[in-house]
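> So here's coords21.txt, just compact mmCIF, C-alpha atoms:
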# COMPACT_ATOMS: atom_id res chain seq x y z
CA MET P 1 57.39 42.05 117.75
CA THR P 2 56.73 45.76 118.25
CA LYS P 3 55.41 47.27 121.44
CA ILE P 4 52.02 47.91 119.78
CA GLU P 5 51.80 44.31 118.58
CA LYS P 6 52.58 43.08 122.11
CA LEU P 7 49.89 45.33 123.58
CA LEU P 8 47.37 44.07 121.02
CA GLU P 9 48.29 40.47 121.81
CA LEU P 10 47.82 41.12 125.54
CA THR P 11 44.47 42.80 124.87
CA ILE P 12 43.27 39.93 122.66
CA ASN P 13 44.38 37.35 125.23
CA GLY P 14 42.49 39.36 127.87
CA CYS P 15 39.41 39.26 125.63
CA LYS P 16 39.80 35.49 125.29
CA ASN P 17 39.58 35.37 129.11
CA ASN P 18 36.42 37.57 129.07
CA ASP P 19 38.27 40.44 130.72
CA ARG P 20 35.92 43.45 130.42
CA GLN P 21 38.76 45.99 130.53
CA SER P 22 40.50 44.23 127.60
CA GLN P 23 37.21 44.16 125.67
CA GLN P 24 36.73 47.87 126.32
CA GLU P 25 40.31 48.58 125.18
CA LEU P 26 39.86 46.56 121.98
CA TYR P 27 36.55 48.32 121.26
CA ARG P 28 38.13 51.74 121.86
CA SER P 29 41.19 50.93 119.77
CA PHE P 30 39.25 49.71 116.74
CA TYR P 31 36.07 51.78 117.03
CA SER P 32 36.98 54.22 114.23
CA TYR P 33 38.19 51.49 111.91
CA GLY P 34 35.06 49.38 112.44
CA MET P 35 32.78 52.40 112.21
CA SER P 36 34.28 53.44 108.86
CA ILE P 37 33.41 50.02 107.43
CA CYS P 38 29.90 49.98 108.88
CA VAL P 39 29.05 53.53 107.73
CA ARG P 40 30.09 52.62 104.21
CA TYR P 41 27.57 49.79 104.15
CA THR P 42 24.70 51.29 106.12
CA GLY P 43 24.88 54.86 104.89
CA ASN P 44 24.17 56.49 108.25
CA GLU P 45 25.76 56.66 111.67
CA ALA P 46 22.79 55.36 113.68
CA ASP P 47 22.57 52.09 111.74
CA ALA P 48 26.37 51.89 111.55
CA LEU P 49 26.64 52.09 115.33
CA GLU P 50 24.10 49.28 115.70
CA VAL P 51 26.02 47.16 113.20
CA LEU P 52 29.35 48.02 114.84
CA ASN P 53 28.08 46.88 118.22
CA ASP P 54 26.67 43.67 116.70
CA GLY P 55 30.05 43.13 115.05
CA PHE P 56 31.99 43.63 118.26
CA LEU P 57 29.61 41.26 120.04
CA LYS P 58 30.57 38.66 117.42
CA VAL P 59 34.25 39.53 117.90
CA PHE P 60 34.04 38.96 121.65
CA THR P 61 31.92 35.82 121.24
CA HIS P 62 34.32 34.26 118.72
CA ILE P 63 37.66 35.77 119.79
CA GLU P 64 38.98 32.32 120.72
CA LYS P 65 38.88 31.46 116.97
CA PHE P 66 41.27 34.30 116.17
CA ASP P 67 44.80 33.11 115.37
CA ILE P 68 47.11 35.47 117.28
CA SER P 69 49.90 34.83 114.75
CA LYS P 70 47.83 36.57 112.03
CA PRO P 71 46.95 40.26 111.65
CA PHE P 72 43.86 41.33 113.58
CA LYS P 73 42.50 44.04 111.25
CA PRO P 74 41.58 41.74 108.33
CA TRP P 75 39.77 39.40 110.74
CA LEU P 76 37.89 42.33 112.27
CA ARG P 77 37.12 43.75 108.81
CA ARG P 78 35.52 40.49 107.68
CA ILE P 79 33.36 40.39 110.81
CA MET P 80 32.26 44.02 110.31
CA VAL P 81 31.47 43.45 106.62
CA ASN P 82 29.48 40.32 107.50
CA ALA P 83 27.64 42.15 110.29
CA SER P 84 26.80 44.90 107.80
CA LEU P 85 25.54 42.34 105.28
CA ASP P 86 23.46 40.66 108.00
CA HIS P 87 21.91 44.05 108.75
CA ILE P 88 21.16 44.62 105.05
CA LYS P 89 19.62 41.14 104.68
CA LYS P 90 17.56 41.63 107.84
CA ASN P 91 16.12 44.80 106.34
CA LEU P 92 15.89 43.38 102.83
CA LYS P 93 12.10 43.49 102.82
CA HIS P 94 12.43 47.28 102.90
CA ASN P 95 15.03 47.31 100.14
CA TYR P 96 14.38 46.60 96.51
CA MET P 97 16.99 44.70 94.53
CA ALA P 98 15.89 44.70 90.90
CA ASP P 99 16.88 41.89 88.59
CA ILE P 100 18.62 42.91 85.40
CA THR P 101 15.77 41.43 83.36
CA GLU P 102 13.30 43.81 84.99
CA ALA P 103 14.93 46.98 83.77
CA ASN P 104 16.88 48.30 80.84
CA VAL P 105 20.39 48.67 82.21
CA GLN P 106 22.93 50.19 79.89
CA GLN P 107 26.65 49.83 80.30
CA SER P 108 28.42 53.14 80.18
CA ASN P 109 32.03 53.88 79.43
CA GLU P 110 31.43 57.49 80.34
CA GLU P 111 34.00 58.85 82.75
CA ALA P 112 32.94 60.47 85.99
CA PRO P 113 33.36 64.25 85.81
CA ASP P 114 36.37 65.84 87.47
CA HIS P 115 35.62 66.89 91.03
CA ASN P 116 37.36 68.19 94.10
CA LEU P 117 35.62 65.99 96.67
CA ASN P 118 37.56 64.69 99.63
CA HIS P 119 37.32 61.16 101.04
CA GLU P 120 34.46 61.99 103.43
CA GLU P 121 32.44 63.70 100.68
CA ILE P 122 32.84 60.69 98.39
CA LEU P 123 31.69 58.37 101.20
CA LEU P 124 28.70 60.67 101.69
CA LYS P 125 27.80 60.24 98.01
CA ILE P 126 28.10 56.46 98.32
CA GLY P 127 25.91 56.69 101.44
CA GLN P 128 23.18 58.34 99.36
CA LEU P 129 22.81 55.23 97.23
CA SER P 130 19.99 52.82 98.03
CA PRO P 131 21.01 50.03 100.44
CA ALA P 132 21.08 47.47 97.62
CA TYR P 133 23.24 49.59 95.33
CA ARG P 134 25.50 50.68 98.19
CA ALA P 135 26.07 47.07 99.35
CA VAL P 136 26.98 45.81 95.89
CA PHE P 137 29.15 48.86 95.15
CA ASN P 138 31.08 48.47 98.42
CA LEU P 139 31.52 44.72 98.05
CA TYR P 140 32.65 44.90 94.42
CA VAL P 141 34.57 48.16 94.12
CA ILE P 142 36.00 48.66 97.59
CA ASP P 143 36.25 45.17 99.09
CA GLY P 144 37.06 43.31 95.86
CA TYR P 145 34.37 40.62 95.91
CA LYS P 146 33.27 38.99 92.64
CA HIS P 147 29.64 39.07 91.52
CA GLN P 148 29.18 35.38 92.31
CA GLU P 149 30.39 35.97 95.89
CA ILE P 150 28.16 39.04 96.24
CA ALA P 151 25.17 37.07 94.99
CA GLU P 152 25.81 34.36 97.57
CA GLN P 153 26.38 36.88 100.39
CA LEU P 154 23.21 38.86 99.65
CA GLY P 155 20.98 36.03 98.43
CA ILE P 156 20.51 37.56 94.98
CA THR P 157 21.40 36.48 91.45
CA GLU P 158 24.67 37.39 89.75
CA SER P 159 22.72 39.40 87.17
CA THR P 160 21.09 41.39 89.97
CA SER P 161 24.51 42.09 91.43
CA LYS P 162 25.80 43.28 88.06
CA ALA P 163 22.70 45.41 87.48
CA ASN P 164 22.94 47.00 90.90
CA LEU P 165 26.62 47.81 90.36
CA THR P 166 25.89 49.39 86.98
CA ARG P 167 23.09 51.47 88.46
CA ALA P 168 25.19 52.47 91.47
CA LYS P 169 27.99 53.69 89.21
CA ALA P 170 25.50 55.59 87.03
CA MET P 171 23.95 57.24 90.08
CA LEU P 172 27.37 58.21 91.46
CA ARG P 173 28.35 59.68 88.08
CA ALA P 174 25.11 61.67 88.04
CA MET P 175 25.72 62.94 91.59
CA LEU P 176 29.28 63.97 90.69
CA ARG P 177 28.09 65.61 87.48
CA LYS P 178 25.49 67.57 89.44
CA GLU P 179 28.15 68.58 91.98
CA VAL P 180 30.51 69.76 89.23
CA TYR P 181 27.82 71.78 87.43
CA GLN P 182 26.41 73.19 90.65
CA TYR P 183 29.72 74.32 92.16
CA GLY P 184 32.11 73.97 89.26
Please go through the file and, once you have read it, give me the structure as structure tokens.

Amino acid sequence: MTKIEKLLELTINGCKNNDRQSQQELYRSFYSYGMSICVRYTGNEADALEVLNDGFLKVFTHIEKFDISKPFKPWLRRIMVNASLDHIKKNLKHNYMADITEANVQQSNEEAPDHNLNHEEILLKIGQLSPAYRAVFNLYVIDGYKHQEIAEQLGITESTSKANLTRAKAMLRAMLRKEVYQYG
């Protein structure tokens, strides 16, 4: 076991004993990682911070369920993704998730235009998608969920998930195309 792994184990055990200093250390150590997940789903830092804090509250509340013999990051990631999805569902009345039967969605094999965007700029583009499109895009493309799982997570149909992914990809292609023509 490495020195870092031992420190993490000590910190997690401290959290299991409700030690505030250990909780603060865990929060500080994984703030950036958790925030990167939450920003991807919420699209802005204010909402992401709210989701991050909700997620860490769940971490501290359920830390005794964490198996210390397993890696911590995947466990934390799942909690942050679920906290983000809870936030999206809570605000669902403000978001519109169209069913595929309600609109003419066309599959496109068109490639995205070449661009010189860095990681942060690409995340910014994803953040410009509507909450519904952003959630499905993140779950499917980045986190590897299947449409059936996405439908269950978000309380939508599989066809809605597929439609939202198709629209998200089309919107991202359009944004990249605009970027290339504007600055290219």
> Name the residues in contact with Tyr145 in chain P at a cut-off of 12 Å, using all atoms listed in the file, excluding same-chain residues fewer than 5 positions from it; report them as a ChimeraX atom specification.
/P:78,81,135-140,150-154,158,161-162,165
> Quick one, how far is CA of Lys6 in chain P from CA of Ile63 in chain P?
16.8 Å
> Give me, as a ChimeraX atom specification, all polymer residues having an atom no more than 12 Å from range 32-39 of chain P, counting only C-alpha atoms and skipping those fewer than 4 positions away in the same chain.
/P:26-28,43-56,59,72-88,119-120,123-128,131,134-135,138-139,142-143
> How many Å separate CA of Cys15 in chain P from CA of Glu64 in chain P?
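Between CA of Cys15 in chain P and CA of Glu64 in chain P the gap works out to 8.5 Å.
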> Put a box with edges along x, y and z around all the listed atoms of range 69-81 of chain P, pad it by 5 Å on each side, then give me its centre and sizes in Å, one decimal, as lines of an AutoDock Vina configuration file.

center_x = 40.7
center_y = 39.4
center_z = 110.7
size_x = 28.4
size_y = 19.2
size_z = 18.1
> Which is closer to Ile122 in chain P than all the others in P:Ile68, P:Met175, P:Val141, P:Leu8, using all atoms listed in the file?
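Smallest distance to Ile122 in chain P is found for P:Met175.
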> P:Lys70, P:Arg40, P:Ser159, P:Glu179: which is nearest Ser130 in chain P, counting only C-alpha atoms?
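When distances to Ser130 in chain P are compared using only C-alpha atoms, the smallest one comes from P:Arg40.
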> So what do you get for CA of Phe30 in chain P versus CA of Lys65 in chain P, distance-wise?
18.3 Å
